[in-house]
>>> print(open('protein-v2.txt').read())   # compact mmCIF, C-alpha atoms
# COMPACT_ATOMS: atom_id res chain seq x y z
CA MET A 1 175.29 40.81 157.89
CA THR A 2 174.60 43.75 155.64
CA PRO A 3 170.97 44.68 155.06
CA THR A 4 169.76 43.66 151.61
CA LEU A 5 167.21 45.26 149.30
CA LYS A 6 165.65 43.52 146.35
CA ALA A 7 165.12 45.85 143.39
CA GLU A 8 161.63 45.73 141.92
CA PRO A 9 160.28 47.19 138.66
CA ILE A 10 159.29 50.82 139.12
CA SER A 11 155.66 51.92 138.90
CA GLN A 12 153.77 55.12 139.60
CA ALA A 13 151.86 53.46 142.42
CA ALA A 14 154.95 52.06 144.10
CA ILE A 15 156.70 55.42 144.37
CA ALA A 16 153.65 57.59 145.10
CA GLY A 17 154.35 60.33 147.60
CA LEU A 18 158.10 60.14 147.07
CA ALA A 19 158.61 60.53 143.34
CA GLU A 20 156.82 60.60 140.01
CA LEU A 21 157.28 58.33 137.04
CA ILE A 22 157.43 60.34 133.81
CA GLU A 23 156.48 58.19 130.85
CA ALA A 24 154.23 57.89 127.80
CA GLU A 25 151.76 55.50 129.37
CA GLY A 26 148.12 55.08 128.40
CA ALA A 27 146.41 57.51 126.06
CA ALA A 28 148.09 60.78 125.13
CA ASP A 29 146.55 63.92 126.60
CA LYS A 30 146.64 65.55 123.18
CA LEU A 31 147.56 64.64 119.63
CA ILE A 32 149.70 67.25 117.88
CA ASN A 33 151.62 67.58 114.62
CA GLN A 34 148.67 66.46 112.47
CA GLY A 35 148.03 63.46 114.67
CA LEU A 36 151.54 62.05 114.37
CA CYS A 37 152.71 62.94 117.89
CA GLY A 38 151.14 62.31 121.28
CA ARG A 39 151.71 64.79 124.09
CA PHE A 40 151.64 63.26 127.58
CA HIS A 41 151.22 66.54 129.33
CA ASP A 42 152.87 67.92 132.45
CA ARG A 43 153.91 64.66 134.08
CA ALA A 44 156.14 66.01 136.86
CA SER A 45 155.56 68.41 139.74
CA LEU A 46 158.50 70.78 139.57
CA ASP A 47 158.83 71.96 143.16
CA ILE A 48 161.91 74.15 142.99
CA ALA A 49 162.77 77.15 145.17
CA GLY A 50 164.85 79.38 142.93
CA ASP A 51 165.58 78.79 139.28
CA ALA A 52 164.92 75.49 137.50
CA GLY A 53 167.30 74.49 134.74
CA ILE A 54 168.41 71.61 132.56
CA SER A 55 171.80 70.01 133.21
CA VAL A 56 173.42 66.90 131.78
CA PHE A 57 174.78 64.17 134.05
CA LYS A 58 177.35 61.81 132.60
CA SER A 59 177.70 58.96 135.05
CA ALA A 60 179.64 55.77 135.32
CA SER A 61 177.37 52.73 135.29
CA PHE A 62 177.17 49.90 137.79
CA SER A 63 175.99 46.33 138.00
CA LEU A 64 173.97 44.55 140.66
CA PRO A 65 174.57 43.71 143.42
CA TYR A 66 175.23 47.36 144.26
CA ARG A 67 176.58 48.55 147.57
CA MET A 68 174.72 51.64 148.78
CA GLU A 69 176.66 53.51 151.43
CA MET A 70 174.80 56.80 151.33
CA MET A 71 171.51 58.48 150.52
CA GLU A 72 170.98 62.18 149.92
CA ARG A 73 168.23 64.75 149.66
CA HIS A 74 167.79 68.27 148.33
CA PRO A 75 165.82 70.57 150.64
CA HIS A 76 165.30 73.29 148.03
CA GLY A 77 163.98 71.38 145.09
CA SER A 78 162.71 68.37 143.22
CA GLN A 79 165.08 66.66 140.80
CA ALA A 80 164.05 64.90 137.60
CA PHE A 81 166.28 62.29 135.93
CA LEU A 82 165.59 61.70 132.24
CA PRO A 83 167.63 58.92 130.61
CA MET A 84 169.16 59.56 127.17
CA GLN A 85 169.67 55.90 126.29
CA GLU A 86 167.58 52.77 126.45
CA GLY A 87 169.28 51.09 129.36
CA THR A 88 167.98 50.60 132.88
CA TYR A 89 168.85 52.46 136.07
CA LEU A 90 168.44 51.96 139.76
CA VAL A 91 166.26 54.30 141.82
CA VAL A 92 166.37 54.06 145.62
CA LEU A 93 163.87 56.06 147.66
CA ALA A 94 163.12 56.35 151.34
CA GLU A 95 160.79 58.16 153.68
CA ASP A 96 162.30 60.31 156.38
CA LYS A 97 162.32 59.36 160.02
CA ALA A 98 163.92 61.74 162.49
CA GLY A 99 166.17 63.24 159.85
CA ALA A 100 167.40 59.96 158.37
CA PRO A 101 166.24 57.63 155.57
CA HIS A 102 163.79 55.03 156.81
CA ASN A 103 163.13 51.69 155.13
CA PRO A 104 164.70 52.40 151.72
CA ARG A 105 163.17 50.68 148.72
CA ALA A 106 164.90 49.97 145.42
CA PHE A 107 163.37 50.16 141.93
CA ILE A 108 164.56 49.56 138.41
CA ALA A 109 163.48 52.07 135.77
CA GLY A 110 163.82 51.36 132.08
CA PRO A 111 163.86 52.96 128.64
CA GLY A 112 161.68 56.02 128.23
CA GLN A 113 161.06 56.31 131.96
CA GLY A 114 162.06 59.47 133.76
CA VAL A 115 161.79 59.87 137.51
CA ASN A 116 161.09 63.14 139.32
CA ILE A 117 162.24 62.85 142.92
CA GLY A 118 160.29 65.03 145.32
CA ARG A 119 161.82 67.94 147.17
CA ASN A 120 163.65 66.79 150.28
CA VAL A 121 163.01 63.10 149.57
CA TRP A 122 165.87 60.73 150.44
CA HIS A 123 167.29 58.97 147.38
CA GLY A 124 170.34 57.10 146.22
CA VAL A 125 172.73 58.76 143.78
CA LEU A 126 172.30 58.31 140.05
CA CYS A 127 173.00 54.68 139.26
CA PRO A 128 172.76 53.57 135.63
CA LEU A 129 172.93 49.79 135.26
CA SER A 130 175.05 48.05 132.67
CA ASP A 131 176.37 44.61 131.98
CA THR A 132 179.65 46.25 131.08
CA PRO A 133 180.33 48.90 133.73
CA PRO A 134 181.73 51.52 133.99
CA GLN A 135 180.36 52.44 130.57
CA ALA A 136 179.09 56.02 130.75
CA ALA A 137 175.39 56.87 130.63
CA LEU A 138 173.76 60.25 130.03
CA PHE A 139 170.80 61.78 131.82
CA MET A 140 169.14 65.14 131.41
CA VAL A 141 168.39 66.52 134.86
CA VAL A 142 165.80 69.18 135.65
CA ASP A 143 166.54 70.62 139.06
CA ARG A 144 167.48 73.74 140.94
CA VAL A 145 170.33 75.62 139.33
CA THR A 146 170.44 78.55 141.75
CA ASP A 147 173.75 78.77 143.62
CA GLY A 148 173.94 77.82 147.29
CA PRO A 149 173.73 74.72 149.47
CA ASN A 150 171.03 72.22 148.56
CA LEU A 151 172.39 68.86 149.64
CA GLU A 152 172.10 66.73 152.74
CA GLU A 153 173.83 63.36 152.91
CA HIS A 154 173.22 60.40 155.19
CA TRP A 155 175.95 57.76 155.40
CA PHE A 156 174.85 54.38 156.69
CA ASP A 157 176.77 52.62 159.46
CA GLU A 158 175.93 49.42 157.64
CA PRO A 159 175.78 49.89 153.85
CA TYR A 160 172.91 48.22 151.99
CA THR A 161 173.36 45.57 149.35
CA ILE A 162 170.90 45.97 146.49
CA GLU A 163 170.30 42.95 144.34
CA LYS A 164 168.06 41.72 141.54
CA MET B 165 160.70 73.57 91.79
CA THR B 166 160.40 73.16 95.54
CA PRO B 167 163.04 74.88 97.64
CA THR B 168 165.55 72.44 99.08
CA LEU B 169 167.48 72.50 102.36
CA LYS B 170 170.50 70.36 103.07
CA ALA B 171 170.59 69.14 106.67
CA GLU B 172 173.92 69.74 108.41
CA PRO B 173 175.22 68.37 111.72
CA ILE B 174 174.04 70.52 114.61
CA SER B 175 176.48 72.60 116.65
CA GLN B 176 176.17 75.24 119.32
CA ALA B 177 177.74 77.84 117.05
CA ALA B 178 175.46 77.08 114.12
CA ILE B 179 172.25 77.61 116.09
CA ALA B 180 173.40 80.50 118.30
CA GLY B 181 170.71 83.08 118.88
CA LEU B 182 167.92 80.70 117.91
CA ALA B 183 168.40 77.64 120.11
CA GLU B 184 170.81 75.97 122.51
CA LEU B 185 172.47 72.59 122.22
CA ILE B 186 172.27 70.69 125.52
CA GLU B 187 175.01 68.10 125.72
CA ALA B 188 177.88 66.74 127.81
CA GLU B 189 180.62 68.39 125.80
CA GLY B 190 184.06 69.32 127.08
CA ALA B 191 184.91 69.19 130.77
CA ALA B 192 182.16 68.79 133.35
CA ASP B 193 181.40 71.85 135.46
CA LYS B 194 181.48 69.70 138.59
CA LEU B 195 182.25 66.12 139.53
CA ILE B 196 179.71 64.59 141.91
CA ASN B 197 178.94 61.16 143.37
CA GLN B 198 182.51 60.57 144.54
CA GLY B 199 183.92 61.56 141.18
CA LEU B 200 181.88 59.04 139.20
CA CYS B 201 179.46 61.52 137.64
CA GLY B 202 180.06 64.77 135.78
CA ARG B 203 177.51 67.55 136.00
CA PHE B 204 177.31 69.78 132.92
CA HIS B 205 175.45 72.52 134.65
CA ASP B 206 172.52 74.63 133.53
CA ARG B 207 172.85 74.22 129.78
CA ALA B 208 169.56 75.76 128.69
CA SER B 209 167.95 79.16 129.16
CA LEU B 210 164.42 78.40 130.23
CA ASP B 211 162.48 81.46 129.11
CA ILE B 212 158.94 80.55 130.00
CA ALA B 213 156.07 82.88 130.91
CA GLY B 214 153.90 80.87 133.28
CA ASP B 215 154.69 77.41 134.60
CA ALA B 216 157.42 75.19 133.19
CA GLY B 217 156.83 71.45 133.21
CA ILE B 218 158.02 68.16 131.81
CA SER B 219 155.91 66.37 129.21
CA VAL B 220 156.59 63.31 127.08
CA PHE B 221 156.22 63.43 123.31
CA LYS B 222 155.77 60.15 121.48
CA SER B 223 156.20 60.89 117.81
CA ALA B 224 156.18 58.97 114.58
CA SER B 225 159.58 59.01 112.89
CA PHE B 226 160.44 60.07 109.38
CA SER B 227 163.14 59.55 106.81
CA LEU B 228 164.89 62.04 104.55
CA PRO B 229 164.03 63.58 102.20
CA TYR B 230 161.38 65.23 104.39
CA ARG B 231 158.70 67.55 103.13
CA MET B 232 158.30 70.55 105.44
CA GLU B 233 155.00 72.30 104.88
CA MET B 234 154.86 74.35 108.07
CA MET B 235 156.91 75.99 110.78
CA GLU B 236 155.62 77.10 114.17
CA ARG B 237 156.62 79.22 117.15
CA HIS B 238 155.58 79.64 120.77
CA PRO B 239 155.32 83.26 121.88
CA HIS B 240 155.12 82.45 125.59
CA GLY B 241 158.05 80.16 126.10
CA SER B 242 161.16 78.27 125.12
CA GLN B 243 160.82 74.54 124.40
CA ALA B 244 163.49 71.93 125.08
CA PHE B 245 163.49 68.55 123.29
CA LEU B 246 165.43 65.80 125.05
CA PRO B 247 165.68 62.49 123.17
CA MET B 248 165.12 59.24 125.08
CA GLN B 249 166.83 56.99 122.54
CA GLU B 250 170.07 57.06 120.64
CA GLY B 251 168.70 57.89 117.21
CA THR B 252 168.95 61.15 115.29
CA TYR B 253 166.37 63.85 114.75
CA LEU B 254 165.87 66.78 112.47
CA VAL B 255 165.83 70.35 113.80
CA VAL B 256 164.76 73.16 111.52
CA LEU B 257 165.15 76.76 112.71
CA ALA B 258 164.54 80.14 111.14
CA GLU B 259 164.80 83.79 111.97
CA ASP B 260 161.70 85.92 111.71
CA LYS B 261 161.10 88.44 108.98
CA ALA B 262 157.86 90.40 109.02
CA GLY B 263 156.08 87.70 111.01
CA ALA B 264 157.17 84.75 108.88
CA PRO B 265 160.11 82.30 108.93
CA HIS B 266 163.04 83.61 106.92
CA ASN B 267 165.77 81.43 105.41
CA PRO B 268 165.16 78.22 107.39
CA ARG B 269 168.17 76.03 108.12
CA ALA B 270 168.09 72.29 108.86
CA PHE B 271 170.25 70.42 111.36
CA ILE B 272 170.63 66.84 112.47
CA ALA B 273 170.99 66.22 116.21
CA GLY B 274 172.17 62.90 117.57
CA PRO B 275 172.33 60.73 120.69
CA GLY B 276 172.68 62.63 123.95
CA GLN B 277 171.94 65.97 122.32
CA GLY B 278 168.99 67.99 123.52
CA VAL B 279 167.89 71.22 121.86
CA ASN B 280 166.26 74.15 123.62
CA ILE B 281 164.44 76.29 121.10
CA GLY B 282 164.20 79.95 122.06
CA ARG B 283 160.92 81.64 122.88
CA ASN B 284 159.11 82.74 119.74
CA VAL B 285 161.73 81.21 117.43
CA TRP B 286 160.35 79.60 114.26
CA HIS B 287 160.99 75.85 114.13
CA GLY B 288 159.82 72.70 112.41
CA VAL B 289 157.76 70.17 114.34
CA LEU B 290 159.43 67.31 116.16
CA CYS B 291 160.95 65.03 113.55
CA PRO B 292 162.79 61.91 114.75
CA LEU B 293 164.66 60.21 111.92
CA SER B 294 164.59 56.49 111.35
CA ASP B 295 165.48 54.04 108.63
CA THR B 296 162.26 52.24 109.45
CA PRO B 297 159.57 54.91 109.87
CA PRO B 298 157.03 55.35 111.36
CA GLN B 299 158.68 53.69 114.37
CA ALA B 300 157.84 55.76 117.43
CA ALA B 301 160.43 57.85 119.26
CA LEU B 302 160.20 59.40 122.72
CA PHE B 303 161.31 62.85 123.81
CA MET B 304 161.06 64.57 127.15
CA VAL B 305 159.95 68.15 126.58
CA VAL B 306 160.47 71.03 128.99
CA ASP B 307 158.13 73.84 128.04
CA ARG B 308 155.23 75.97 129.17
CA VAL B 309 152.42 73.91 130.69
CA THR B 310 150.14 76.80 131.63
CA ASP B 311 146.81 76.67 129.78
CA GLY B 312 146.07 79.10 127.00
CA PRO B 313 147.16 79.83 123.43
CA ASN B 314 150.90 79.59 122.77
CA LEU B 315 151.19 78.54 119.14
CA GLU B 316 151.59 80.36 115.87
CA GLU B 317 151.85 78.41 112.62
CA HIS B 318 153.17 79.46 109.23
CA TRP B 319 152.26 77.30 106.26
CA PHE B 320 154.47 77.65 103.21
CA ASP B 321 153.01 78.22 99.75
CA GLU B 322 155.84 76.06 98.51
CA PRO B 323 156.85 73.35 100.98
CA TYR B 324 160.56 72.76 101.54
CA THR B 325 162.31 69.52 100.77
CA ILE B 326 164.95 68.67 103.37
CA GLU B 327 167.59 66.22 102.36
CA LYS B 328 170.86 64.75 103.58
>>> encode(input="protein-v2.txt", output="structure tokens")
Amino acid sequence: MTPTLKAEPISQAAIAGLAELIEAEGAADKLINQGLCGRFHDRASLDIAGDAGISVFKSASFSLPYRMEMMERHPHGSQAFLPMQEGTYLVVLAEDKAGAPHNPRAFIAGPGQGVNIGRNVWHGVLCPLSDTPPQAALFMVVDRVTDGPNLEEHWFDEPYTIEK
Amino acid sequence: MTPTLKAEPISQAAIAGLAELIEAEGAADKLINQGLCGRFHDRASLDIAGDAGISVFKSASFSLPYRMEMMERHPHGSQAFLPMQEGTYLVVLAEDKAGAPHNPRAFIAGPGQGVNIGRNVWHGVLCPLSDTPPQAALFMVVDRVTDGPNLEEHWFDEPYTIEK
């Protein structure tokens, strides 16, 4: 029997220590533009060795249940995913144990919610959710753009099934 | 008579030298995630003195014609606006002449299009467009998060009217 994960709504508390939720929650830190715009200031810890940059990811979308065969991590930098549309996406995070992901947990992020995954934190690949996959979804990604290796993959002997 | 600007569709060529269009245009630089995701790599020149960070802007929206009374610039860093919804927004840019904006031009950016405004380039404030203003719109913003002054404003004697 394949191991199964139930995806839960994402929250700052639930992902603490592994990733940061980037969203306009609560009161703005500052009102700008004559009071018409709230600035929710500096909501991600960019922890990048080398140069940070902005790239665009255009990904196929998926539906649940989702079969997760692999998790990855980036030893040289954090990676922020910022959705460009109002759909949901799946975020899977895990602590490390002896160089492998340990007890992965699955979360669903929604419109206006970016996620900054910590440096060297195990995570699933970008996984936009759609009722009509493989419709493409766009994300702005803030991560390390310096050349050179920055990826470690872990393939599971028994893939996980992630469901609602 | 107030000076009038006609907003034109944004393009990389039209804003060259002042700002960069960040979008998934043309072929991806790299296919990742087993070929299911295209990475359009490093599409913005982050030119930030101090620390770069990610903030969220939650702004009222506006409709055209729009009255532009002021332009601003940030001497210590570039500023990227990344829309979190599929609406359009207005981008006004100008060259500098003797410390003031010169010949501003207005552009309309759309879904999946981010704009990175160059360091110390005159621009209008964030201006999401909506048929039902003041509905709020969300943008992720990558700019300087270091404390300290980083804003210069120029108020026009005669405000501009920006129209379709």
>>> calpha_fit_and_write(input="protein-v2.txt", fixed="chain B", moving="chain A", output="compact mmCIF listing (two decimals) with C-alpha atoms, in the coordinates of the input")
# COMPACT_ATOMS: atom_id res chain seq x y z
CA MET A 1 160.66 73.54 91.80
CA THR A 2 160.39 73.18 95.53
CA PRO A 3 163.03 74.90 97.65
CA THR A 4 165.54 72.45 99.09
CA LEU A 5 167.47 72.50 102.36
CA LYS A 6 170.48 70.36 103.06
CA ALA A 7 170.60 69.14 106.66
CA GLU A 8 173.91 69.72 108.40
CA PRO A 9 175.22 68.37 111.72
CA ILE A 10 174.04 70.52 114.61
CA SER A 11 176.49 72.59 116.66
CA GLN A 12 176.19 75.24 119.34
CA ALA A 13 177.75 77.83 117.06
CA ALA A 14 175.46 77.08 114.13
CA ILE A 15 172.26 77.60 116.10
CA ALA A 16 173.41 80.49 118.30
CA GLY A 17 170.72 83.07 118.88
CA LEU A 18 167.93 80.68 117.92
CA ALA A 19 168.42 77.64 120.11
CA GLU A 20 170.81 75.96 122.51
CA LEU A 21 172.47 72.59 122.22
CA ILE A 22 172.27 70.70 125.52
CA GLU A 23 175.00 68.09 125.73
CA ALA A 24 177.87 66.74 127.83
CA GLU A 25 180.63 68.37 125.82
CA GLY A 26 184.07 69.31 127.09
CA ALA A 27 184.91 69.21 130.78
CA ALA A 28 182.16 68.80 133.36
CA ASP A 29 181.38 71.85 135.47
CA LYS A 30 181.48 69.70 138.59
CA LEU A 31 182.25 66.13 139.54
CA ILE A 32 179.70 64.60 141.92
CA ASN A 33 178.94 61.18 143.40
CA GLN A 34 182.53 60.60 144.56
CA GLY A 35 183.92 61.58 141.19
CA LEU A 36 181.89 59.06 139.22
CA CYS A 37 179.45 61.54 137.65
CA GLY A 38 180.05 64.77 135.76
CA ARG A 39 177.50 67.57 136.00
CA PHE A 40 177.31 69.80 132.92
CA HIS A 41 175.47 72.55 134.66
CA ASP A 42 172.51 74.65 133.55
CA ARG A 43 172.85 74.24 129.79
CA ALA A 44 169.54 75.76 128.68
CA SER A 45 167.94 79.17 129.16
CA LEU A 46 164.41 78.39 130.24
CA ASP A 47 162.49 81.46 129.11
CA ILE A 48 158.93 80.54 130.02
CA ALA A 49 156.07 82.88 130.92
CA GLY A 50 153.91 80.86 133.29
CA ASP A 51 154.69 77.41 134.60
CA ALA A 52 157.43 75.18 133.18
CA GLY A 53 156.82 71.45 133.21
CA ILE A 54 158.02 68.15 131.82
CA SER A 55 155.90 66.37 129.21
CA VAL A 56 156.59 63.31 127.08
CA PHE A 57 156.21 63.43 123.30
CA LYS A 58 155.76 60.15 121.48
CA SER A 59 156.20 60.87 117.81
CA ALA A 60 156.17 58.96 114.59
CA SER A 61 159.56 59.01 112.89
CA PHE A 62 160.43 60.07 109.36
CA SER A 63 163.14 59.56 106.79
CA LEU A 64 164.89 62.04 104.54
CA PRO A 65 164.02 63.60 102.19
CA TYR A 66 161.39 65.22 104.40
CA ARG A 67 158.72 67.55 103.13
CA MET A 68 158.30 70.55 105.44
CA GLU A 69 155.00 72.31 104.88
CA MET A 70 154.86 74.34 108.06
CA MET A 71 156.91 75.98 110.79
CA GLU A 72 155.63 77.10 114.18
CA ARG A 73 156.63 79.21 117.14
CA HIS A 74 155.59 79.64 120.76
CA PRO A 75 155.34 83.27 121.88
CA HIS A 76 155.14 82.46 125.59
CA GLY A 77 158.04 80.14 126.09
CA SER A 78 161.15 78.25 125.12
CA GLN A 79 160.81 74.54 124.41
CA ALA A 80 163.48 71.93 125.08
CA PHE A 81 163.49 68.56 123.29
CA LEU A 82 165.44 65.80 125.05
CA PRO A 83 165.68 62.50 123.16
CA MET A 84 165.13 59.25 125.09
CA GLN A 85 166.83 57.00 122.55
CA GLU A 86 170.07 57.07 120.63
CA GLY A 87 168.69 57.89 117.22
CA THR A 88 168.96 61.14 115.29
CA TYR A 89 166.37 63.86 114.75
CA LEU A 90 165.87 66.78 112.46
CA VAL A 91 165.84 70.34 113.81
CA VAL A 92 164.76 73.18 111.51
CA LEU A 93 165.16 76.76 112.70
CA ALA A 94 164.54 80.13 111.14
CA GLU A 95 164.82 83.79 111.96
CA ASP A 96 161.71 85.91 111.73
CA LYS A 97 161.11 88.41 108.99
CA ALA A 98 157.88 90.38 109.03
CA GLY A 99 156.07 87.71 110.99
CA ALA A 100 157.18 84.75 108.87
CA PRO A 101 160.12 82.32 108.91
CA HIS A 102 163.06 83.61 106.92
CA ASN A 103 165.79 81.44 105.41
CA PRO A 104 165.16 78.22 107.37
CA ARG A 105 168.15 76.03 108.11
CA ALA A 106 168.08 72.31 108.85
CA PHE A 107 170.25 70.42 111.35
CA ILE A 108 170.63 66.84 112.46
CA ALA A 109 171.00 66.21 116.19
CA GLY A 110 172.17 62.89 117.55
CA PRO A 111 172.34 60.75 120.67
CA GLY A 112 172.67 62.62 123.94
CA GLN A 113 171.93 65.97 122.31
CA GLY A 114 168.98 67.99 123.51
CA VAL A 115 167.89 71.21 121.85
CA ASN A 116 166.27 74.15 123.63
CA ILE A 117 164.43 76.29 121.10
CA GLY A 118 164.19 79.94 122.07
CA ARG A 119 160.93 81.65 122.89
CA ASN A 120 159.12 82.75 119.75
CA VAL A 121 161.72 81.20 117.43
CA TRP A 122 160.35 79.59 114.26
CA HIS A 123 161.00 75.84 114.13
CA GLY A 124 159.82 72.71 112.40
CA VAL A 125 157.76 70.17 114.34
CA LEU A 126 159.43 67.31 116.15
CA CYS A 127 160.94 65.04 113.53
CA PRO A 128 162.77 61.92 114.71
CA LEU A 129 164.66 60.20 111.90
CA SER A 130 164.59 56.47 111.33
CA ASP A 131 165.47 54.03 108.62
CA THR A 132 162.25 52.24 109.44
CA PRO A 133 159.57 54.92 109.87
CA PRO A 134 157.03 55.35 111.37
CA GLN A 135 158.68 53.69 114.36
CA ALA A 136 157.83 55.75 117.44
CA ALA A 137 160.43 57.84 119.26
CA LEU A 138 160.21 59.40 122.72
CA PHE A 139 161.30 62.85 123.81
CA MET A 140 161.06 64.57 127.16
CA VAL A 141 159.95 68.15 126.57
CA VAL A 142 160.46 71.03 128.99
CA ASP A 143 158.13 73.84 128.04
CA ARG A 144 155.23 75.95 129.18
CA VAL A 145 152.44 73.91 130.69
CA THR A 146 150.15 76.80 131.64
CA ASP A 147 146.81 76.66 129.81
CA GLY A 148 146.06 79.10 127.01
CA PRO A 149 147.17 79.81 123.45
CA ASN A 150 150.89 79.58 122.78
CA LEU A 151 151.18 78.54 119.15
CA GLU A 152 151.59 80.36 115.87
CA GLU A 153 151.85 78.41 112.63
CA HIS A 154 153.18 79.46 109.24
CA TRP A 155 152.25 77.29 106.25
CA PHE A 156 154.48 77.66 103.22
CA ASP A 157 153.00 78.23 99.76
CA GLU A 158 155.84 76.09 98.50
CA PRO A 159 156.84 73.36 100.98
CA TYR A 160 160.56 72.77 101.53
CA THR A 161 162.32 69.52 100.76
CA ILE A 162 164.94 68.67 103.36
CA GLU A 163 167.60 66.22 102.35
CA LYS A 164 170.86 64.72 103.57
>>> closest_residue(input="protein-v2.txt", among="B:Ser227, B:Phe221, B:Asp321, B:Gly274", to="Glu250 in chain B", atoms="all atoms listed in the file")
B:Gly274
>>> atom_distance(input="protein-v2.txt", atom1="CA of Val142 in chain A", atom2="CA of Leu64 in chain A")
26.4 Å
>>> atom_distance(input="protein-v2.txt", atom1="CA of Asp311 in chain B", atom2="CA of His76 in chain A")
26.2 Å
>>> residues_around(input="protein-v2.txt", residues="Pro128 in chain A", least_positions_apart="5", cutoff="12 Å", atoms="all atoms listed in the file", output="PyMOL selection string")
(chain A and resi 57-64+66+81-92+107-111+133-139) or (chain B and resi 200-201)
>>> atom_distance(input="protein-v2.txt", atom1="CA of Ser45 in chain A", atom2="CA of Gln79 in chain A")
9.7 Å
>>> closest_residue(input="protein-v2.txt", among="B:Arg203, B:His287, B:Lys194, B:Arg308", to="chain A", atoms="only C-alpha atoms")
B:Arg203
>>> closest_residue(input="protein-v2.txt", among="B:Gly241, B:Pro229, B:Gly276, B:Gly190", to="chain A", atoms="all atoms listed in the file")
B:Gly276
>>> closest_residue(input="protein-v2.txt", among="A:Glu72, A:Ile117, A:Ala98, A:Ala27", to="Phe40 in chain A", atoms="all atoms listed in the file")
A:Ala27
>>> closest_residue(input="protein-v2.txt", among="B:Gly288, B:Pro268, B:Gly217, B:Gly278", to="Ala244 in chain B", atoms="only C-alpha atoms")
B:Gly278
>>> residues_near_point(input="protein-v2.txt", point="(165.0, 58.2, 151.4)", cutoff="10 Å", atoms="all atoms listed in the file", output="list of chain:residue names")
A:Leu18, A:Met70, A:Met71, A:Glu72, A:Arg73, A:Val92, A:Leu93, A:Ala94, A:Glu95, A:Asp96, A:Lys97, A:Gly99, A:Ala100, A:Pro101, A:His102, A:Asn103, A:Pro104, A:Arg105, A:Asn120, A:Val121, A:Trp122, A:His123, A:Gly124, A:His154
>>> closest_residue(input="protein-v2.txt", among="B:Val220, B:Ala213, B:Ala171, B:Ile179", to="chain A", atoms="all atoms listed in the file")
B:Val220
>>> residues_around(input="protein-v2.txt", residues="His238 in chain B", least_positions_apart="5", cutoff="7 Å", atoms="all atoms listed in the file", output="PyMOL selection string")
chain B and resi 283-284+314-316
>>> residues_around(input="protein-v2.txt", residues="Gln113 in chain A", least_positions_apart="6", cutoff="7 Å", atoms="only C-alpha atoms", output="PyMOL selection string")
chain A and resi 21-23
>>> build_atoms(input="protein-v2.txt", residues="range 60-69 of chain A", atoms="N, CA, C and O atoms", output="PDB file, in the coordinates of the input")
ATOM      1  N   ALA A  60     179.220  57.160 135.430  1.00  0.00           N
ATOM      2  CA  ALA A  60     179.640  55.770 135.320  1.00  0.00           C
ATOM      3  C   ALA A  60     178.424  54.877 135.582  1.00  0.00           C
ATOM      4  O   ALA A  60     177.489  55.267 136.278  1.00  0.00           O
ATOM      5  N   SER A  61     178.447  53.681 135.022  1.00  0.00           N
ATOM      6  CA  SER A  61     177.370  52.730 135.290  1.00  0.00           C
ATOM      7  C   SER A  61     177.859  51.653 136.251  1.00  0.00           C
ATOM      8  O   SER A  61     179.045  51.528 136.541  1.00  0.00           O
ATOM      9  N   PHE A  62     176.914  50.878 136.752  1.00  0.00           N
ATOM     10  CA  PHE A  62     177.170  49.900 137.790  1.00  0.00           C
ATOM     11  C   PHE A  62     176.411  48.615 137.449  1.00  0.00           C
ATOM     12  O   PHE A  62     175.526  48.613 136.610  1.00  0.00           O
ATOM     13  N   SER A  63     176.768  47.553 138.148  1.00  0.00           N
ATOM     14  CA  SER A  63     175.990  46.330 138.000  1.00  0.00           C
ATOM     15  C   SER A  63     175.500  45.895 139.379  1.00  0.00           C
ATOM     16  O   SER A  63     176.049  46.314 140.403  1.00  0.00           O
ATOM     17  N   LEU A  64     174.477  45.087 139.396  1.00  0.00           N
ATOM     18  CA  LEU A  64     173.970  44.550 140.660  1.00  0.00           C
ATOM     19  C   LEU A  64     174.723  43.268 140.992  1.00  0.00           C
ATOM     20  O   LEU A  64     175.096  42.542 140.078  1.00  0.00           O
ATOM     21  N   PRO A  65     174.958  42.944 142.227  1.00  0.00           N
ATOM     22  CA  PRO A  65     174.570  43.710 143.420  1.00  0.00           C
ATOM     23  C   PRO A  65     175.362  45.002 143.568  1.00  0.00           C
ATOM     24  O   PRO A  65     176.540  45.061 143.214  1.00  0.00           O
ATOM     25  N   TYR A  66     174.666  46.015 144.081  1.00  0.00           N
ATOM     26  CA  TYR A  66     175.230  47.360 144.260  1.00  0.00           C
ATOM     27  C   TYR A  66     175.286  47.660 145.754  1.00  0.00           C
ATOM     28  O   TYR A  66     174.363  47.356 146.502  1.00  0.00           O
ATOM     29  N   ARG A  67     176.380  48.216 146.165  1.00  0.00           N
ATOM     30  CA  ARG A  67     176.580  48.550 147.570  1.00  0.00           C
ATOM     31  C   ARG A  67     176.221  50.020 147.781  1.00  0.00           C
ATOM     32  O   ARG A  67     176.864  50.922 147.248  1.00  0.00           O
ATOM     33  N   MET A  68     175.170  50.268 148.540  1.00  0.00           N
ATOM     34  CA  MET A  68     174.720  51.640 148.780  1.00  0.00           C
ATOM     35  C   MET A  68     175.165  52.100 150.158  1.00  0.00           C
ATOM     36  O   MET A  68     174.671  51.629 151.172  1.00  0.00           O
ATOM     37  N   GLU A  69     176.088  53.027 150.170  1.00  0.00           N
ATOM     38  CA  GLU A  69     176.660  53.510 151.430  1.00  0.00           C
ATOM     39  C   GLU A  69     175.980  54.775 151.925  1.00  0.00           C
ATOM     40  O   GLU A  69     176.120  55.142 153.089  1.00  0.00           O
TER      41      GLU A  69
END
